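Heads up, structure-v6.tsv below (TSV, C-alpha atoms and all ligand atoms):
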chain	number	residue	atom	x	y	z
A	1	MET	CA	96.17	18.73	163.20
A	2	ARG	CA	97.45	20.08	166.52
A	3	ILE	CA	97.97	23.76	165.79
A	4	PRO	CA	99.21	25.79	168.76
A	5	GLU	CA	97.40	29.07	169.27
A	6	VAL	CA	98.90	31.90	167.21
A	7	ARG	CA	99.72	34.84	169.44
A	8	GLY	CA	100.96	38.13	168.04
A	9	GLY	CA	100.66	37.28	164.35
A	10	LEU	CA	102.79	35.03	162.15
A	11	ARG	CA	104.96	32.29	163.63
A	12	SER	CA	108.39	31.28	162.42
A	13	ALA	CA	109.37	27.84	161.16
A	14	VAL	CA	112.31	26.37	163.09
A	15	ILE	CA	114.44	23.37	162.05
A	16	CYS	CA	114.08	20.75	164.81
A	17	GLY	CA	115.40	17.61	163.08
A	18	ALA	CA	117.37	16.48	160.05
A	19	GLY	CA	118.28	13.22	158.36
A	20	ALA	CA	119.81	11.83	155.19
A	21	TRP	CA	120.06	8.60	153.27
A	22	LEU	CA	122.27	7.42	150.40
A	23	PRO	CA	121.75	4.25	148.37
A	24	PRO	CA	124.57	1.82	149.27
A	25	ARG	CA	125.94	1.31	145.73
A	26	ILE	CA	128.94	3.58	145.06
A	27	VAL	CA	130.15	4.24	141.49
A	28	THR	CA	133.68	5.63	141.25
A	29	ASN	CA	135.09	7.73	138.41
A	30	ASP	CA	137.22	4.74	137.35
A	31	GLU	CA	134.11	2.58	137.06
A	32	LEU	CA	132.53	5.20	134.78
A	33	ALA	CA	135.74	5.42	132.74
A	34	ALA	CA	135.54	1.68	132.14
A	35	ARG	CA	132.21	2.08	130.34
A	36	MET	CA	132.40	5.51	128.69
A	37	ASP	CA	135.03	7.76	127.13
A	38	THR	CA	136.10	9.70	130.22
A	39	SER	CA	138.74	9.55	132.95
A	40	ASP	CA	139.08	10.04	136.70
A	41	GLU	CA	141.48	12.91	136.01
A	42	TRP	CA	139.01	14.76	133.69
A	43	ILE	CA	136.12	14.38	136.12
A	44	ARG	CA	138.14	15.41	139.20
A	45	THR	CA	139.77	18.45	137.64
A	46	ARG	CA	136.61	19.76	135.91
A	47	THR	CA	134.14	19.05	138.72
A	48	GLY	CA	135.82	17.89	141.96
A	49	ILE	CA	133.67	14.71	141.92
A	50	ARG	CA	135.33	11.36	142.83
A	51	ALA	CA	132.29	9.08	143.32
A	52	ARG	CA	128.52	9.05	143.51
A	53	HIS	CA	125.84	6.78	145.04
A	54	ILE	CA	123.43	5.15	142.60
A	55	VAL	CA	120.05	3.47	143.18
A	56	SER	CA	119.69	-0.30	142.74
A	57	PRO	CA	116.77	-2.00	140.96
A	58	GLY	CA	113.51	-1.62	142.90
A	59	MET	CA	114.65	1.61	144.58
A	60	PRO	CA	112.59	4.56	143.22
A	61	THR	CA	112.73	8.11	144.59
A	62	SER	CA	109.93	7.41	147.11
A	63	HIS	CA	112.17	4.79	148.77
A	64	LEU	CA	115.03	7.26	149.23
A	65	ALA	CA	112.64	9.98	150.40
A	66	ALA	CA	111.00	7.74	153.00
A	67	GLU	CA	114.40	6.64	154.37
A	68	ALA	CA	115.56	10.25	154.78
A	69	GLY	CA	112.17	11.39	156.08
A	70	ALA	CA	112.08	8.68	158.75
A	71	ARG	CA	115.56	9.70	159.92
A	72	ALA	CA	114.58	13.39	160.12
A	73	MET	CA	111.48	12.53	162.16
A	74	GLU	CA	113.61	10.39	164.50
A	75	SER	CA	116.09	13.25	164.85
A	76	ALA	CA	113.23	15.64	165.70
A	77	GLY	CA	111.68	13.09	168.09
A	78	VAL	CA	108.26	13.50	166.44
A	79	THR	CA	105.75	10.98	165.11
A	80	GLU	CA	103.09	13.54	164.15
A	81	ILE	CA	103.58	15.60	161.00
A	82	ASP	CA	100.91	17.97	159.62
A	83	ALA	CA	102.19	18.22	156.02
A	84	LEU	CA	104.88	16.73	153.80
A	85	VAL	CA	106.61	18.68	151.03
A	86	LEU	CA	108.84	16.70	148.66
A	87	ALA	CA	111.28	18.40	146.28
A	88	THR	CA	112.23	16.16	143.40
A	89	THR	CA	113.08	16.20	139.69
A	90	THR	CA	112.69	12.44	139.45
A	91	PRO	CA	109.23	11.53	140.74
A	92	ASP	CA	108.34	7.81	140.81
A	93	ARG	CA	105.79	8.53	138.02
A	94	PRO	CA	104.81	11.59	135.94
A	95	CYS	CA	101.39	11.29	137.62
A	96	PRO	CA	100.51	11.30	140.51
A	97	ALA	CA	102.91	13.21	142.75
A	98	THR	CA	105.34	11.10	144.81
A	99	ALA	CA	104.79	12.89	148.15
A	100	PRO	CA	101.48	11.15	149.05
A	101	LEU	CA	103.17	7.75	148.60
A	102	VAL	CA	106.10	8.86	150.77
A	103	ALA	CA	103.65	10.09	153.43
A	104	HIS	CA	101.89	6.72	153.27
A	105	LYS	CA	105.22	4.88	153.70
A	106	LEU	CA	105.93	7.02	156.76
A	107	GLY	CA	102.56	6.32	158.39
A	108	LEU	CA	101.30	9.82	157.57
A	109	THR	CA	98.34	8.83	155.38
A	110	GLY	CA	95.68	11.55	155.46
A	111	ARG	CA	98.09	14.48	155.77
A	112	PRO	CA	98.53	16.97	152.90
A	113	ALA	CA	101.52	15.91	150.79
A	114	PHE	CA	102.72	17.40	147.52
A	115	ASP	CA	105.74	17.65	145.23
A	116	ILE	CA	107.77	20.74	144.38
A	117	SER	CA	109.54	20.80	141.02
A	118	ALA	CA	112.42	23.28	140.94
A	119	VAL	CA	115.26	20.88	140.07
A	120	CYS	CA	118.43	21.71	142.07
A	121	THR	CA	116.72	24.64	143.84
A	122	GLY	CA	113.85	22.37	144.88
A	123	PHE	CA	114.87	22.01	148.52
A	124	LEU	CA	114.95	25.79	149.07
A	125	TYR	CA	111.57	26.22	147.32
A	126	ALA	CA	110.16	23.44	149.52
A	127	LEU	CA	111.65	25.00	152.66
A	128	SER	CA	110.05	28.34	151.81
A	129	VAL	CA	106.61	26.82	151.12
A	130	ALA	CA	106.80	24.72	154.30
A	131	ALA	CA	107.79	27.78	156.36
A	132	GLY	CA	104.75	29.54	154.86
A	133	LEU	CA	102.44	26.70	155.98
A	134	ILE	CA	103.74	27.14	159.52
A	135	ALA	CA	103.64	30.94	159.44
A	136	SER	CA	100.00	30.91	158.30
A	137	GLY	CA	98.97	28.53	161.07
A	138	ALA	CA	98.08	25.74	158.60
A	139	ALA	CA	100.62	23.36	160.15
A	140	ALA	CA	102.71	22.99	163.31
A	141	HIS	CA	105.18	20.38	162.02
A	142	VAL	CA	106.16	20.01	158.35
A	143	LEU	CA	108.49	17.37	156.89
A	144	VAL	CA	110.57	18.79	154.02
A	145	ILE	CA	112.39	16.23	151.86
A	146	GLY	CA	114.71	16.58	148.88
A	147	ALA	CA	115.09	13.24	147.08
A	148	GLU	CA	116.45	12.22	143.70
A	149	ALA	CA	117.07	9.10	141.66
A	150	PHE	CA	118.79	11.33	139.11
A	151	SER	CA	120.72	8.48	137.52
A	152	THR	CA	117.39	7.22	136.13
A	153	ILE	CA	117.02	10.19	133.74
A	154	ILE	CA	120.63	10.22	132.48
A	155	ASP	CA	121.33	8.88	128.98
A	156	PRO	CA	123.88	6.06	129.52
A	157	ARG	CA	125.75	7.32	126.41
A	158	ASP	CA	126.01	10.93	127.66
A	159	ARG	CA	129.45	11.29	129.22
A	160	THR	CA	128.99	15.00	130.01
A	161	SER	CA	125.95	14.62	132.31
A	162	GLY	CA	126.70	11.00	133.21
A	163	VAL	CA	129.72	11.88	135.32
A	164	LEU	CA	128.06	14.73	137.24
A	165	PHE	CA	124.97	13.35	138.94
A	166	GLY	CA	124.22	10.98	141.80
A	167	ASP	CA	121.23	9.75	143.83
A	168	GLY	CA	120.24	10.34	147.46
A	169	ALA	CA	117.84	12.05	149.85
A	170	GLY	CA	117.90	14.46	152.78
A	171	ALA	CA	115.19	15.93	154.97
A	172	VAL	CA	114.43	18.38	157.75
A	173	VAL	CA	111.50	18.73	160.14
A	174	LEU	CA	110.21	22.25	160.73
A	175	ARG	CA	108.18	23.19	163.82
A	176	ALA	CA	106.37	26.36	164.82
A	177	GLY	CA	108.59	28.66	166.88
A	178	GLU	CA	110.01	32.13	167.35
A	179	PRO	CA	112.04	34.16	164.83
A	180	GLN	CA	115.02	34.62	167.18
A	181	GLU	CA	115.49	30.91	167.90
A	182	PRO	CA	118.47	29.06	166.38
A	183	GLY	CA	117.17	27.15	163.36
A	184	ALA	CA	114.50	29.73	162.50
A	185	ILE	CA	113.94	30.13	158.77
A	186	GLY	CA	114.08	33.82	157.92
A	187	TRP	CA	113.89	35.37	154.48
A	188	VAL	CA	114.19	32.83	151.66
A	189	GLU	CA	115.26	34.64	148.52
A	190	LEU	CA	113.85	32.80	145.48
A	191	GLY	CA	113.82	33.55	141.75
A	192	SER	CA	113.26	32.08	138.30
A	193	ASP	CA	113.85	32.79	134.61
A	194	GLY	CA	111.86	30.63	132.20
A	195	SER	CA	113.74	32.02	129.20
A	196	LEU	CA	116.55	29.70	130.34
A	197	ALA	CA	114.34	26.57	130.33
A	198	ASP	CA	116.44	24.86	127.65
A	199	LEU	CA	119.69	25.05	129.69
A	200	ILE	CA	118.70	22.14	131.96
A	201	THR	CA	115.88	19.96	130.68
A	202	VAL	CA	114.21	16.65	129.89
A	203	ARG	CA	112.27	17.58	126.74
A	204	ALA	CA	110.02	14.54	126.38
A	205	GLY	CA	107.36	13.02	128.61
A	206	GLY	CA	105.03	16.01	128.93
A	207	SER	CA	102.35	17.91	127.03
A	208	GLU	CA	104.96	19.64	124.86
A	209	GLN	CA	105.94	16.29	123.39
A	210	ARG	CA	102.36	15.14	123.01
A	211	THR	CA	101.36	18.31	121.13
A	212	ALA	CA	104.61	18.52	119.15
A	213	VAL	CA	104.32	19.35	115.45
A	214	VAL	CA	107.74	17.80	114.77
A	215	PRO	CA	108.23	14.41	116.47
A	216	GLN	CA	110.88	14.41	119.16
A	217	GLN	CA	114.03	12.29	119.18
A	218	PRO	CA	114.70	9.26	121.46
A	219	ALA	CA	117.44	11.24	123.25
A	220	ASP	CA	114.79	13.80	124.32
A	221	ALA	CA	113.59	11.28	126.91
A	222	TYR	CA	116.83	11.95	128.81
A	223	PHE	CA	118.31	14.85	130.74
A	224	SER	CA	120.30	17.41	128.78
A	225	MET	CA	122.30	20.44	129.88
A	226	ILE	CA	124.29	23.28	128.32
A	227	GLY	CA	127.05	23.08	130.91
A	228	LYS	CA	129.06	26.23	130.18
A	229	GLU	CA	126.01	28.53	130.26
A	230	VAL	CA	124.69	26.82	133.38
A	231	PHE	CA	128.05	27.47	135.04
A	232	THR	CA	127.87	31.24	134.38
A	233	HIS	CA	124.23	31.64	135.48
A	234	ALA	CA	124.76	29.45	138.55
A	235	VAL	CA	127.65	31.58	139.83
A	236	LYS	CA	125.80	34.85	139.17
A	237	HIS	CA	122.46	33.89	140.73
A	238	MET	CA	123.82	31.95	143.72
A	239	THR	CA	126.05	34.91	144.57
A	240	GLN	CA	123.30	37.53	144.17
A	241	ALA	CA	120.70	35.49	146.07
A	242	SER	CA	123.19	34.79	148.90
A	243	LEU	CA	124.09	38.46	149.24
A	244	THR	CA	120.39	39.37	149.39
A	245	ALA	CA	119.79	36.69	152.05
A	246	LEU	CA	122.77	38.03	154.04
A	247	ASN	CA	121.32	41.51	153.81
A	248	HIS	CA	117.96	40.32	155.18
A	249	ALA	CA	119.76	38.59	158.07
A	250	GLY	CA	121.76	41.74	158.78
A	251	TRP	CA	125.09	39.84	158.54
A	252	ARG	CA	128.30	40.85	156.80
A	253	SER	CA	130.11	38.30	154.60
A	254	GLY	CA	132.88	37.95	157.18
A	255	GLU	CA	130.37	36.79	159.79
A	256	VAL	CA	129.33	33.71	157.78
A	257	ASP	CA	130.73	30.49	159.27
A	258	LEU	CA	129.72	28.16	156.44
A	259	ILE	CA	128.33	28.27	152.92
A	260	ILE	CA	126.26	25.16	152.28
A	261	ALA	CA	125.68	25.53	148.57
A	262	HIS	CA	124.07	23.18	146.10
A	263	GLN	CA	126.87	20.71	145.29
A	264	ALA	CA	127.06	21.07	141.49
A	265	ASN	CA	130.73	21.60	140.78
A	266	LEU	CA	133.72	22.56	142.94
A	267	ARG	CA	134.68	25.35	140.53
A	268	ILE	CA	131.18	26.87	140.88
A	269	LEU	CA	131.49	26.76	144.69
A	270	HIS	CA	134.91	28.44	144.56
A	271	ALA	CA	133.64	31.17	142.25
A	272	VAL	CA	130.66	31.90	144.54
A	273	SER	CA	132.86	32.12	147.67
A	274	GLU	CA	135.30	34.45	145.88
A	275	ARG	CA	132.54	36.78	144.69
A	276	MET	CA	131.07	36.85	148.21
A	277	ASP	CA	134.50	37.51	149.69
A	278	ILE	CA	134.22	34.47	151.95
A	279	PRO	CA	137.29	32.19	152.27
A	280	ARG	CA	137.13	28.79	150.54
A	281	ASN	CA	137.64	26.96	153.81
A	282	ARG	CA	134.13	28.03	154.81
A	283	LEU	CA	132.60	26.08	151.91
A	284	VAL	CA	131.09	22.71	152.73
A	285	VAL	CA	132.31	20.27	150.08
A	286	HIS	CA	130.38	17.01	149.79
A	287	LEU	CA	130.23	16.62	146.01
A	288	ASP	CA	133.48	14.67	145.92
A	289	GLN	CA	131.60	11.74	147.53
A	290	VAL	CA	128.09	12.12	146.07
A	291	GLY	CA	128.25	14.28	142.93
A	292	ASN	CA	125.33	16.53	142.08
A	293	THR	CA	122.22	15.16	143.79
A	294	ALA	CA	119.94	18.03	142.68
A	295	ALA	CA	117.12	18.64	145.21
A	296	ALA	CA	118.79	16.32	147.74
A	297	SER	CA	122.09	18.17	147.60
A	298	ILE	CA	121.63	20.78	150.36
A	299	PRO	CA	120.11	18.50	153.05
A	300	LEU	CA	122.74	15.84	152.25
A	301	ALA	CA	125.47	18.46	152.62
A	302	LEU	CA	123.97	19.60	155.95
A	303	ALA	CA	124.09	16.03	157.27
A	304	HIS	CA	127.64	15.57	155.97
A	305	ALA	CA	128.86	18.82	157.55
A	306	GLN	CA	127.33	17.91	160.89
A	307	SER	CA	128.97	14.47	160.78
A	308	THR	CA	132.42	15.99	160.14
A	309	GLY	CA	131.98	18.61	162.87
A	310	GLU	CA	132.17	21.53	160.38
A	311	LEU	CA	128.55	22.40	161.14
A	312	PHE	CA	128.19	23.30	164.81
A	313	THR	CA	125.41	24.61	167.01
A	314	GLY	CA	125.16	28.36	166.57
A	315	ALA	CA	127.01	28.41	163.21
A	316	ARG	CA	125.86	31.18	160.88
A	317	ILE	CA	125.19	29.47	157.59
A	318	ILE	CA	124.09	30.38	154.06
A	319	LEU	CA	122.13	27.86	152.00
A	320	THR	CA	122.07	28.58	148.25
A	321	ALA	CA	121.22	26.82	145.00
A	322	PHE	CA	120.74	27.23	141.26
A	323	GLY	CA	118.89	24.78	139.06
A	324	GLY	CA	116.72	24.03	136.07
A	325	GLY	CA	113.91	26.40	135.25
A	326	ALA	CA	116.10	28.34	135.66
A	327	THR	CA	115.50	28.69	139.39
A	328	TRP	CA	117.67	29.96	142.24
A	329	GLY	CA	117.50	30.73	145.91
A	330	ALA	CA	119.30	31.42	149.19
A	331	THR	CA	118.61	31.80	152.88
A	332	ALA	CA	120.69	32.60	155.97
A	333	LEU	CA	120.14	30.91	159.32
A	334	THR	CA	121.77	29.97	162.60
A	335	TRP	CA	122.21	26.21	163.01
A	336	PRO	CA	120.21	24.75	165.93
A	337	ALA	CA	121.28	22.18	168.54
A	338	ILE	CA	120.03	19.01	166.85
A	339	LYS	CA	121.39	15.54	166.23
A	340	VAL	CA	121.29	14.67	162.52
A	341	GLU	CA	120.32	11.06	161.79
B	401	LIG	N1	135.08	13.13	130.03
B	401	LIG	C1	136.02	13.54	129.17
B	401	LIG	N2	135.85	14.57	128.34
B	401	LIG	C2	134.66	15.20	128.37
B	401	LIG	C3	133.62	14.80	129.23
B	401	LIG	C4	133.87	13.72	130.09
B	401	LIG	N3	132.97	13.27	130.98
B	401	LIG	N4	132.56	15.62	129.05
B	401	LIG	C5	132.92	16.48	128.10
B	401	LIG	N5	134.17	16.23	127.68
B	401	LIG	C6	134.96	16.92	126.66
B	401	LIG	C7	134.11	17.70	125.70
B	401	LIG	O1	133.65	16.85	124.66
B	401	LIG	C8	135.08	18.75	125.21
B	401	LIG	O2	135.90	18.19	124.24
B	401	LIG	P1	136.37	19.05	122.98
B	401	LIG	O3	137.20	20.17	123.57
B	401	LIG	O4	137.19	18.06	122.19
B	401	LIG	O5	135.13	19.52	122.30
B	401	LIG	C9	135.93	19.03	126.43
B	401	LIG	O6	135.76	17.90	127.31
B	401	LIG	C10	135.55	20.28	127.16
B	401	LIG	O7	134.16	20.27	127.33
B	401	LIG	P2	133.41	21.49	127.96
B	401	LIG	O8	131.94	21.24	127.94
B	401	LIG	O9	133.93	22.75	127.36
B	401	LIG	O10	133.97	21.37	129.44
B	401	LIG	P3	133.77	22.36	130.65
B	401	LIG	O11	135.08	22.79	131.16
B	401	LIG	O12	132.74	23.40	130.38
B	401	LIG	O13	133.18	21.38	131.74
B	401	LIG	C11	131.11	20.81	132.78
B	401	LIG	C12	131.93	20.74	131.52
B	401	LIG	C13	129.74	20.16	132.51
B	401	LIG	C14	131.83	20.03	133.86
B	401	LIG	C15	130.96	22.27	133.20
B	401	LIG	O14	130.49	23.04	132.13
B	401	LIG	C16	130.03	22.41	134.35
B	401	LIG	O15	130.29	21.94	135.42
B	401	LIG	N6	128.93	23.14	134.16
B	401	LIG	C17	127.95	23.31	135.18
B	401	LIG	C18	127.16	22.06	135.25
B	401	LIG	C19	126.37	22.00	136.51
B	401	LIG	O16	126.91	22.12	137.56
B	401	LIG	N7	125.07	21.81	136.36
B	401	LIG	C20	124.19	21.68	137.42
B	401	LIG	C21	123.89	23.02	137.96
B	401	LIG	S1	122.42	22.95	138.79

Just give me the structure of the file as structure tokens.
Amino acid sequence: MRIPEVRGGLRSAVICGAGAWLPPRIVTNDELAARMDTSDEWIRTRTGIRARHIVSPGMPTSHLAAEAGARAMESAGVTEIDALVLATTTPDRPCPATAPLVAHKLGLTGRPAFDISAVCTGFLYALSVAAGLIASGAAAHVLVIGAEAFSTIIDPRDRTSGVLFGDGAGAVVLRAGEPQEPGAIGWVELGSDGSLADLITVRAGGSEQRTAVVPQQPADAYFSMIGKEVFTHAVKHMTQASLTALNHAGWRSGEVDLIIAHQANLRILHAVSERMDIPRNRLVVHLDQVGNTAAASIPLALAHAQSTGELFTGARIILTAFGGGATWGATALTWPAIKVE
């Protein structure tokens, strides 16, 4: 590893590249309505989602992650990475972690690589851990990827979850830098509440199932969610975490240019912006095209916002998410001058 000398204590992690990748296959609401009891109108009015990208056969999460990771490294102009952190809910296999395989695909064999499991908050957890690796001097460049093949854990008969989720991957490269630089990762507010574990879950496939006194049901192999309760907790925790992150940054709500929130549901995004007293037109909305892509959602939304021109150099942005666990998080940063691939 090429670790620059640490002068004057801890270093900051600074975003120096970003990239994203979506599987080419697009599934519209009408296509879903043709195979399950739902409609474009129901999906659009309840969620804001119009379409989502879905993986094709032979395209596991590691494929998506490597595509996004390669683009982020190209954007950063780096070929050397000291560590890879992958946030995912849908690893290629329950064991081992997917990150070492992604590192291998990217020509980074030998570097530390590990998965983070925090469902839709995964990217913010990964960002925080990666920033810690840089701050401690353990790494100078870290590749942070959020990647999901979420469609693979959805029960094809479940119309409630089936319409919400999509697949994709996004990534950023962090480098060692100074806290005042654009792109510097400051305070990352993170939290969890395990008493809410049943709100968003895949019950089977782990030690709980293998030690179960009462055998589990076939449906337990799939994702399940208590949507209404998730909605309430998501709004509350994303708002609180964002306000705390704003406080750490020393910004008032009115100074925020963009909220780049986990793209779960348009109504959740609207509720968060209202509670934060930030106008709706400062919300980045990408879920209409990709649905909820869990850990990939925030880096995909960053890439989307940069491509539309909403995200500009120097923009003051809030990143926030809520997900299974329950987990939540938020951070405030100034967007750097980078080209997103
Ligand atoms: N198409 C048509 N009807 C559907 C449907 C679908 N895809 N899914 C559910 N319904 C039906 C329900 O069966 C119910 O019918 P009923 O009134 O006859 O019982 C009706 O629509 C209302 O269902 P309900 O669950 O009350 O809807 P809702 O307004 O709460 O919306 C969610 C459901 C899932 C869209 C909403 O709760 C939500 O977005 N929650 C947050 C989910 C989320 O973002 N999770 C990820 C966070 S990380």

Please determine the residues with any atom at most 8 Å from (129.9, 11.7, 127.0) (coordinates as given in the file, with all atoms listed in the file counting) and report them as a PyMOL selection string. chain A and resi 36-38+157-162

Looking at A:Ser128, A:Gln217, A:Thr89, A:Gln306, which one is nearest to ligand LIG 401 (chain B), with distances taken over only C-alpha atoms and all ligand atoms?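 The answer is A:Thr89, which sits nearest to ligand LIG 401 (chain B).
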
Near-ligand residues for ligand LIG 401 (chain B), threshold 8 Å, only C-alpha atoms and all ligand atoms, as a PyMOL selection string: chain A and resi 37-39+42-43+46-47+119-121+159-164+200+225-232+234+262-265+267-268+292+294+321-324

File of the preceding selection, C-alpha atoms, as a JSON list (two decimals), keeping the file's coordinate frame:
[["chain", "number", "residue", "atom", "x", "y", "z"],
["A", 37, "ASP", "CA", 135.03, 7.76, 127.13],
["A", 38, "THR", "CA", 136.10, 9.70, 130.22],
["A", 39, "SER", "CA", 138.74, 9.55, 132.95],
["A", 42, "TRP", "CA", 139.01, 14.76, 133.69],
["A", 43, "ILE", "CA", 136.12, 14.38, 136.12],
["A", 46, "ARG", "CA", 136.61, 19.76, 135.91],
["A", 47, "THR", "CA", 134.14, 19.05, 138.72],
["A", 119, "VAL", "CA", 115.26, 20.88, 140.07],
["A", 120, "CYS", "CA", 118.43, 21.71, 142.07],
["A", 121, "THR", "CA", 116.72, 24.64, 143.84],
["A", 159, "ARG", "CA", 129.45, 11.29, 129.22],
["A", 160, "THR", "CA", 128.99, 15.00, 130.01],
["A", 161, "SER", "CA", 125.95, 14.62, 132.31],
["A", 162, "GLY", "CA", 126.70, 11.00, 133.21],
["A", 163, "VAL", "CA", 129.72, 11.88, 135.32],
["A", 164, "LEU", "CA", 128.06, 14.73, 137.24],
["A", 200, "ILE", "CA", 118.70, 22.14, 131.96],
["A", 225, "MET", "CA", 122.30, 20.44, 129.88],
["A", 226, "ILE", "CA", 124.29, 23.28, 128.32],
["A", 227, "GLY", "CA", 127.05, 23.08, 130.91],
["A", 228, "LYS", "CA", 129.06, 26.23, 130.18],
["A", 229, "GLU", "CA", 126.01, 28.53, 130.26],
["A", 230, "VAL", "CA", 124.69, 26.82, 133.38],
["A", 231, "PHE", "CA", 128.05, 27.47, 135.04],
["A", 232, "THR", "CA", 127.87, 31.24, 134.38],
["A", 234, "ALA", "CA", 124.76, 29.45, 138.55],
["A", 262, "HIS", "CA", 124.07, 23.18, 146.10],
["A", 263, "GLN", "CA", 126.87, 20.71, 145.29],
["A", 264, "ALA", "CA", 127.06, 21.07, 141.49],
["A", 265, "ASN", "CA", 130.73, 21.60, 140.78],
["A", 267, "ARG", "CA", 134.68, 25.35, 140.53],
["A", 268, "ILE", "CA", 131.18, 26.87, 140.88],
["A", 292, "ASN", "CA", 125.33, 16.53, 142.08],
["A", 294, "ALA", "CA", 119.94, 18.03, 142.68],
["A", 321, "ALA", "CA", 121.22, 26.82, 145.00],
["A", 322, "PHE", "CA", 120.74, 27.23, 141.26],
["A", 323, "GLY", "CA", 118.89, 24.78, 139.06],
["A", 324, "GLY", "CA", 116.72, 24.03, 136.07]]

Report, in Å to a single decimal, how far apart CA of Arg52 (chain A) and CA of Ile26 (chain A) are. 5.7 Å

Measuring atom to atom with only C-alpha atoms, identify which of A:Asp288, A:Ala295, A:Ile153, A:Leu311 is nearest to Thr45 (chain A). A:Asp288

In the coordinate frame of the file, compute which residues have an atom within 8 Å of (126.6, 15.7, 161.8) when using all atoms listed in the file, and state them as a PyMOL selection string. chain A and resi 302-309+311+339-341

Have a look at A:Glu208, A:Asp193, A:Glu67, A:Glu181 and name the one nearest to His237 (chain A); count all atoms listed in the file.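 For His237 (chain A), the nearest of the candidates is A:Asp193.
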